[in-house]
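For reference, model_15.txt is printed below; it contains compact mmCIF, C-alpha atoms.
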# COMPACT_ATOMS: atom_id res chain seq x y z
CA MET Z 1 68.35 -107.90 -13.84
CA ARG Z 2 65.13 -107.69 -15.86
CA THR Z 3 63.83 -111.03 -17.09
CA ARG Z 4 63.84 -109.81 -20.69
CA ASP Z 5 67.53 -108.92 -20.45
CA ALA Z 6 68.37 -112.28 -18.88
CA VAL Z 7 66.57 -114.11 -21.71
CA LEU Z 8 68.32 -111.95 -24.31
CA LEU Z 9 71.74 -112.67 -22.80
CA THR Z 10 70.96 -116.39 -22.79
CA ALA Z 11 70.12 -116.21 -26.50
CA ILE Z 12 73.41 -114.40 -27.14
CA VAL Z 13 75.50 -117.03 -25.36
CA PHE Z 14 73.67 -119.70 -27.36
CA ILE Z 15 74.83 -117.94 -30.54
CA TRP Z 16 78.37 -117.94 -29.14
CA GLY Z 17 78.16 -121.59 -28.11
CA PHE Z 18 77.17 -122.73 -31.60
CA ASN Z 19 79.78 -120.33 -33.00
CA PHE Z 20 82.55 -122.77 -32.01
CA VAL Z 21 81.06 -125.37 -34.36
CA VAL Z 22 80.82 -122.77 -37.12
CA ILE Z 23 84.47 -121.79 -36.55
CA ARG Z 24 85.48 -125.43 -36.95
CA TRP Z 25 83.55 -125.55 -40.25
CA GLY Z 26 85.17 -122.30 -41.36
CA LEU Z 27 88.66 -123.56 -40.57
CA ASN Z 28 87.97 -126.54 -42.84
CA HIS Z 29 87.82 -124.00 -45.70
CA PHE Z 30 90.22 -121.22 -44.65
CA PRO Z 31 93.48 -120.92 -42.71
CA PRO Z 32 92.96 -119.14 -39.34
CA PHE Z 33 94.24 -115.62 -40.06
CA LEU Z 34 92.45 -115.40 -43.41
CA PHE Z 35 89.19 -116.62 -41.86
CA SER Z 36 89.40 -113.97 -39.14
CA ALA Z 37 90.24 -111.26 -41.72
CA LEU Z 38 87.19 -112.21 -43.79
CA ARG Z 39 85.02 -112.11 -40.67
CA PHE Z 40 85.87 -108.50 -39.87
CA SER Z 41 85.90 -107.39 -43.50
CA VAL Z 42 82.25 -108.44 -43.78
CA CYS Z 43 81.51 -106.60 -40.51
CA LEU Z 44 82.43 -103.37 -42.33
CA VAL Z 45 79.55 -103.70 -44.81
CA PRO Z 46 77.05 -101.65 -42.70
CA ILE Z 47 79.29 -98.56 -43.09
CA ALA Z 48 78.18 -98.48 -46.73
CA PHE Z 49 74.57 -98.20 -45.48
CA GLY Z 50 75.22 -95.15 -43.31
CA VAL Z 51 76.19 -96.57 -39.92
CA LYS Z 52 77.91 -93.61 -38.28
CA LYS Z 53 81.06 -93.60 -36.20
CA PRO Z 54 80.16 -93.69 -32.48
CA ALA Z 55 81.06 -90.77 -30.25
CA VAL Z 56 84.35 -92.22 -29.03
CA SER Z 57 87.93 -91.34 -29.90
CA TRP Z 58 89.94 -93.10 -32.58
CA ARG Z 59 92.31 -94.23 -29.83
CA VAL Z 60 89.50 -96.19 -28.18
CA LEU Z 61 88.37 -97.65 -31.51
CA ILE Z 62 91.90 -98.80 -32.30
CA LEU Z 63 92.39 -100.24 -28.80
CA LEU Z 64 89.12 -102.19 -28.96
CA GLY Z 65 89.82 -103.27 -32.52
CA PHE Z 66 93.16 -104.64 -31.35
CA THR Z 67 91.95 -106.43 -28.19
CA LEU Z 68 88.47 -107.60 -29.22
CA GLY Z 69 89.11 -108.03 -32.93
CA LEU Z 70 92.72 -108.98 -33.58
CA CYS Z 71 93.64 -110.69 -30.29
CA VAL Z 72 90.44 -112.47 -29.16
CA PHE Z 73 89.66 -114.14 -32.46
CA GLY Z 74 93.22 -114.43 -33.71
CA PHE Z 75 94.23 -116.43 -30.63
CA LEU Z 76 90.98 -118.43 -30.63
CA TYR Z 77 91.23 -119.44 -34.28
CA LEU Z 78 94.90 -120.34 -33.89
CA GLY Z 79 94.09 -122.45 -30.82
CA ILE Z 80 91.36 -124.42 -32.58
CA ASN Z 81 93.58 -124.78 -35.66
CA ALA Z 82 96.35 -126.12 -33.37
CA GLY Z 83 94.14 -129.03 -32.38
CA MET Z 84 91.91 -127.64 -29.64
CA GLY Z 85 88.46 -129.22 -29.83
CA ALA Z 86 85.61 -126.79 -30.44
CA GLY Z 87 83.75 -127.88 -27.29
CA VAL Z 88 86.79 -127.65 -25.01
CA ALA Z 89 87.77 -124.28 -26.53
CA SER Z 90 84.33 -122.97 -25.54
CA VAL Z 91 85.15 -124.00 -21.96
CA ILE Z 92 88.58 -122.39 -21.82
CA MET Z 93 87.35 -119.12 -23.33
CA GLN Z 94 85.13 -118.66 -20.28
CA ALA Z 95 88.17 -117.77 -18.24
CA GLN Z 96 87.20 -114.33 -19.60
CA VAL Z 97 84.62 -114.16 -16.80
CA PHE Z 98 87.35 -114.12 -14.18
CA PHE Z 99 89.60 -111.81 -16.20
CA THR Z 100 86.64 -109.42 -16.62
CA LEU Z 101 85.86 -109.32 -12.90
CA LEU Z 102 89.53 -108.83 -12.02
CA ALA Z 103 90.01 -106.05 -14.60
CA SER Z 104 86.74 -104.36 -13.56
CA TYR Z 105 87.86 -104.41 -9.93
CA VAL Z 106 91.27 -102.91 -10.78
CA ALA Z 107 90.07 -100.32 -13.32
CA LEU Z 108 86.57 -99.47 -12.07
CA GLY Z 109 86.55 -100.50 -8.41
CA GLU Z 110 83.66 -102.96 -8.96
CA ARG Z 111 84.25 -105.27 -6.03
CA PRO Z 112 82.61 -108.70 -6.52
CA SER Z 113 80.12 -109.62 -3.80
CA GLU Z 114 80.35 -112.80 -1.75
CA LYS Z 115 77.48 -114.17 -3.82
CA ASN Z 116 79.41 -113.42 -7.03
CA LEU Z 117 82.48 -115.19 -5.68
CA PHE Z 118 80.52 -118.23 -4.51
CA SER Z 119 78.67 -118.62 -7.80
CA ILE Z 120 81.92 -118.20 -9.75
CA ALA Z 121 83.61 -120.86 -7.59
CA LEU Z 122 80.71 -123.21 -8.31
CA ALA Z 123 80.96 -122.44 -12.02
CA ILE Z 124 84.72 -123.08 -11.95
CA ALA Z 125 83.99 -126.55 -10.56
CA GLY Z 126 81.60 -127.11 -13.47
CA LEU Z 127 84.19 -125.90 -15.99
CA VAL Z 128 86.84 -128.19 -14.49
CA LEU Z 129 84.49 -131.17 -14.74
CA ILE Z 130 83.68 -130.34 -18.37
CA TYR Z 131 87.36 -129.90 -19.18
CA PHE Z 132 88.48 -133.20 -17.68
CA SER Z 133 85.51 -135.03 -19.22
CA ASN Z 134 86.28 -133.77 -22.71
CA GLY Z 135 89.80 -132.38 -22.76
CA THR Z 136 92.09 -135.22 -21.74
CA HIS Z 137 94.06 -134.85 -24.97
CA THR Z 138 94.05 -131.07 -25.13
CA PRO Z 139 97.26 -129.77 -26.79
CA ALA Z 140 99.28 -127.40 -24.59
CA THR Z 141 99.85 -124.90 -27.41
CA GLY Z 142 96.16 -124.78 -28.28
CA PHE Z 143 95.25 -124.37 -24.60
CA ALA Z 144 97.66 -121.44 -24.16
CA LEU Z 145 96.44 -119.69 -27.33
CA VAL Z 146 92.76 -119.95 -26.38
CA LEU Z 147 93.56 -118.74 -22.85
CA LEU Z 148 95.24 -115.65 -24.35
CA GLY Z 149 92.03 -115.10 -26.31
CA ALA Z 150 90.06 -115.23 -23.04
CA LEU Z 151 92.41 -112.68 -21.44
CA SER Z 152 91.94 -110.35 -24.41
CA TRP Z 153 88.16 -110.71 -24.12
CA GLY Z 154 88.22 -109.80 -20.43
CA ILE Z 155 90.29 -106.68 -21.15
CA SER Z 156 87.96 -105.59 -23.97
CA ASN Z 157 84.91 -106.10 -21.71
CA THR Z 158 86.40 -103.68 -19.19
CA ILE Z 159 87.23 -101.10 -21.87
CA ILE Z 160 83.60 -101.20 -23.03
CA LYS Z 161 82.36 -100.71 -19.46
CA MET Z 162 84.54 -97.61 -19.14
CA LEU Z 163 82.93 -95.96 -22.19
CA PRO Z 164 79.99 -93.57 -22.02
CA THR Z 165 76.71 -94.91 -23.38
CA VAL Z 166 77.24 -95.41 -27.12
CA ASP Z 167 75.57 -97.09 -30.07
CA MET Z 168 77.02 -100.58 -29.70
CA VAL Z 169 76.20 -101.67 -33.26
CA GLY Z 170 78.09 -98.66 -34.59
CA LEU Z 171 80.95 -99.40 -32.19
CA MET Z 172 81.29 -103.01 -33.37
CA VAL Z 173 81.12 -101.96 -37.02
CA TRP Z 174 83.77 -99.25 -36.70
CA ILE Z 175 86.25 -101.23 -34.59
CA SER Z 176 86.14 -103.76 -37.44
CA LEU Z 177 88.25 -101.29 -39.42
CA VAL Z 178 91.27 -102.30 -37.34
CA PRO Z 179 91.70 -106.11 -37.64
CA PRO Z 180 91.46 -106.92 -41.41
CA LEU Z 181 94.75 -105.45 -42.67
CA PRO Z 182 96.98 -106.81 -39.84
CA LEU Z 183 95.23 -110.18 -40.16
CA LEU Z 184 95.81 -110.26 -43.92
CA VAL Z 185 99.51 -109.51 -43.35
CA LEU Z 186 99.70 -112.29 -40.74
CA SER Z 187 97.87 -114.60 -43.14
CA TYR Z 188 100.46 -113.90 -45.85
CA TRP Z 189 103.33 -114.57 -43.44
CA PHE Z 190 102.03 -117.58 -41.53
CA ASP Z 191 99.08 -119.22 -43.33
CA ASP Z 192 99.65 -121.95 -45.89
CA HIS Z 193 99.45 -120.20 -49.29
CA SER Z 194 97.95 -123.29 -50.92
CA MET Z 195 95.16 -123.24 -48.29
CA ILE Z 196 94.59 -119.54 -48.97
CA ALA Z 197 94.21 -120.16 -52.69
CA ALA Z 198 92.00 -123.21 -52.14
CA GLY Z 199 89.81 -121.35 -49.67
CA LEU Z 200 89.22 -118.35 -51.92
CA THR Z 201 88.77 -120.23 -55.22
CA GLY Z 202 86.77 -123.16 -53.88
CA LEU Z 203 84.46 -121.22 -51.59
CA ASP Z 204 81.10 -123.00 -51.27
CA TRP Z 205 77.94 -122.30 -49.27
CA ARG Z 206 79.44 -123.78 -46.08
CA GLY Z 207 82.35 -121.36 -46.24
CA TRP Z 208 80.04 -118.41 -46.88
CA LEU Z 209 77.77 -119.57 -44.03
CA ALA Z 210 80.72 -119.67 -41.63
CA VAL Z 211 81.86 -116.16 -42.60
CA LEU Z 212 78.35 -114.64 -42.46
CA TYR Z 213 77.44 -116.33 -39.16
CA THR Z 214 80.63 -115.24 -37.41
CA SER Z 215 80.34 -111.72 -38.85
CA PHE Z 216 76.69 -110.74 -38.47
CA LEU Z 217 75.41 -112.98 -35.69
CA SER Z 218 78.41 -113.73 -33.49
CA THR Z 219 80.12 -110.33 -33.86
CA LEU Z 220 77.74 -107.49 -34.77
CA LEU Z 221 74.57 -108.77 -33.10
CA ALA Z 222 75.95 -110.69 -30.14
CA TYR Z 223 78.69 -108.27 -29.10
CA SER Z 224 76.38 -105.27 -29.53
CA VAL Z 225 73.90 -106.77 -27.06
CA TRP Z 226 76.70 -107.93 -24.76
CA GLY Z 227 78.29 -104.47 -24.68
CA THR Z 228 74.92 -102.82 -24.01
CA MET Z 229 74.36 -105.11 -21.03
CA LEU Z 230 77.87 -104.46 -19.70
CA GLN Z 231 77.11 -100.75 -19.71
CA LYS Z 232 73.71 -101.31 -18.10
CA TYR Z 233 74.62 -103.75 -15.29
CA PRO Z 234 77.67 -104.51 -13.10
CA ALA Z 235 80.20 -106.93 -14.59
CA GLY Z 236 79.37 -109.45 -11.85
CA LYS Z 237 75.82 -109.70 -13.23
CA VAL Z 238 76.66 -109.93 -16.92
CA ALA Z 239 79.97 -111.78 -17.26
CA PRO Z 240 78.79 -115.04 -15.60
CA PHE Z 241 76.24 -115.53 -18.40
CA ALA Z 242 79.19 -116.47 -20.61
CA LEU Z 243 79.64 -119.53 -18.40
CA LEU Z 244 76.70 -121.00 -20.34
CA VAL Z 245 78.71 -120.84 -23.58
CA PRO Z 246 80.47 -124.19 -22.97
CA VAL Z 247 77.12 -125.80 -22.19
CA PHE Z 248 75.79 -124.80 -25.61
CA GLY Z 249 79.21 -125.30 -27.21
CA LEU Z 250 79.59 -128.89 -26.02
CA LEU Z 251 76.01 -129.73 -26.94
CA SER Z 252 76.51 -128.25 -30.43
CA ALA Z 253 79.81 -130.11 -30.86
CA TRP Z 254 78.05 -133.34 -29.93
CA LEU Z 255 75.18 -132.75 -32.35
CA PHE Z 256 77.11 -131.42 -35.35
CA LEU Z 257 80.74 -132.56 -35.00
CA GLY Z 258 80.24 -136.01 -33.54
CA SER Z 259 82.02 -135.21 -30.27
CA GLU Z 260 81.59 -137.78 -27.51
CA PHE Z 261 79.00 -136.91 -24.90
CA SER Z 262 77.73 -139.01 -21.98
CA LEU Z 263 75.28 -138.60 -19.12
CA SER Z 264 78.18 -137.98 -16.74
CA ASP Z 265 78.99 -134.86 -18.75
CA LEU Z 266 75.73 -133.29 -17.55
CA VAL Z 267 77.15 -132.66 -14.07
CA GLY Z 268 79.47 -129.85 -15.17
CA PRO Z 269 76.83 -127.94 -17.18
CA ALA Z 270 74.34 -128.42 -14.34
CA LEU Z 271 76.74 -126.78 -11.85
CA ILE Z 272 77.24 -123.86 -14.25
CA MET Z 273 73.50 -123.32 -14.63
CA ILE Z 274 72.98 -123.46 -10.86
CA ALA Z 275 75.82 -120.94 -10.41
CA LEU Z 276 74.22 -118.59 -12.94
CA VAL Z 277 70.82 -118.77 -11.23
CA LEU Z 278 72.41 -118.09 -7.83
CA ASN Z 279 74.31 -115.13 -9.25
CA LEU Z 280 71.10 -113.59 -10.61
CA MET Z 281 68.96 -114.14 -7.52
CA ASP Z 282 68.52 -111.37 -4.97
CA PHE Z 283 68.59 -112.79 -1.48
CA PRO Z 284 66.86 -110.66 1.17
CA SER Z 285 69.03 -109.79 4.12
CA ILE Z 286 67.98 -111.49 7.36
CA ARG Z 287 67.89 -109.14 10.29
CA PRO Z 288 66.64 -109.81 13.83
CA GLN Z 289 63.17 -108.38 14.34
CA GLN Z 290 62.98 -105.44 16.71
CA LYS Z 291 60.89 -105.97 19.76
CA THR Z 292 57.69 -103.97 19.99
CA GLN Z 293 57.05 -101.66 22.91
CA GLU Z 294 54.51 -104.12 24.43
CA GLU Z 295 57.05 -107.00 24.25
CA THR Z 296 59.61 -104.75 25.93
What would the structure in this file look like if it were written as structure tokens?
Amino acid sequence: MRTRDAVLLTAIVFIWGFNFVVIRWGLNHFPPFLFSALRFSVCLVPIAFGVKKPAVSWRVLILLGFTLGLCVFGFLYLGINAGMGAGVASVIMQAQVFFTLLASYVALGERPSEKNLFSIALAIAGLVLIYFSNGTHTPATGFALVLLGALSWGISNTIIKMLPTVDMVGLMVWISLVPPLPLLVLSYWFDDHSMIAAGLTGLDWRGWLAVLYTSFLSTLLAYSVWGTMLQKYPAGKVAPFALLVPVFGLLSAWLFLGSEFSLSDLVGPALIMIALVLNLMDFPSIRPQQKTQEET
């Protein structure tokens, strides 16, 4: 992988890591389904400025809108709203790495290398350490909901890899047509109506910041770059970058939400970073040197 692309992917996962703090702020103003509906409604704004529909079928747009839009963020927001801490949610969502590799192997025949498997095993150890350091009171319902979000993310990653090269910004904008209406219906059925009214009438700069950040930075920008890299490189090279999300997520939760953080918590993130470096490195094969004619 080119160094520029690796740096760009690291910046993207930083945006996603801090996004969990922003989601927590947003859920202080809006119920979960309404917040997600507002996120994707704002993502539609670029259509008014001439962003064209990408050269993919409506079936693909609807499928991606369902998996990446409705399911990923619907389950994630519900999980955090059910009591899942923002930092721990950022850890659990990284199960998408393993779902992506499994789906890519089944659908595309991309067999993970031994190096991929070793680095993923090391990263799993780091995730487990982070989880047990910070998630001792994790609610079972919240855990299951966030895990479903991770599964949906892995499926959507594989769908994107199967597409021909497309304009990823246009793709993210146009799949945003799918989630708003179903999310608004779900909001009417399940969200607290008093919270809906309070969120819409008492919207302040923090609420607007949460909506704009999750829409333009976390969705349009970040997923456009992520999808471009998935089409450019094998899933085993790209997906493990997301293992850095809990590192940035836990650090952001400590800085902005007052989450507890100790020196012992550095072990898990350190293992994840080592795993990522190992996954990116190209190790030369070691072969026995052939004897020269004189030595023979």
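Interatomic distance, atom CA of Z:Ser176 against atom CA of Z:Lys232: 23.1 Å.
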- Selection: 6 Å around stretch 187-195 of chain Z, only C-alpha atoms, excl. self and same-chain fewer than 4 positions, as an MDAnalysis selection string: chainID Z and resid 31 33:34 183 199
Closest atom pairs, residues of stretch 228-275 of chain Z within 6 Å of stretch 79-95 of chain Z, all atoms listed in the file, as a tab-separated table:
residue	atom	partner	partner_atom	distance
Z:Leu243	CA	Z:Gln94	CA	5.9
Z:Pro246	CA	Z:Val91	CA	4.8
Z:Gly249	CA	Z:Gly87	CA	5.2
Z:Leu250	CA	Z:Gly87	CA	4.5
Z:Ala253	CA	Z:Gly87	CA	5.8
- Task: Would you list the contacts of stretch 118-132 of chain Z as a VMD selection string, taking every protein, DNA or RNA residue within 9 Å and counting all atoms listed in the file, but skipping same-chain residues closer than 5 positions in sequence?
- Result: chain Z and resid 88 91 to 92 94 to 95 97 to 98 113 240 243 246 to 247 250 265 to 279
- Pick from Z:Trp254, Z:Asp204, Z:Ala242, Z:Thr228 nearest to Z:Asn28, counting all atoms listed in the file: Z:Asp204
- Message: As an exercise, work out the distance from atom CA of Z:Val245 to atom CA of Z:Gly65 in Å and give it to one decimal place.
- Response: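 Value for the atom CA of Z:Val245-atom CA of Z:Gly65 distance: 22.6 Å.
Between atom CA of Z:Arg2 and atom CA of Z:Leu251 lies a distance of 27.0 Å.
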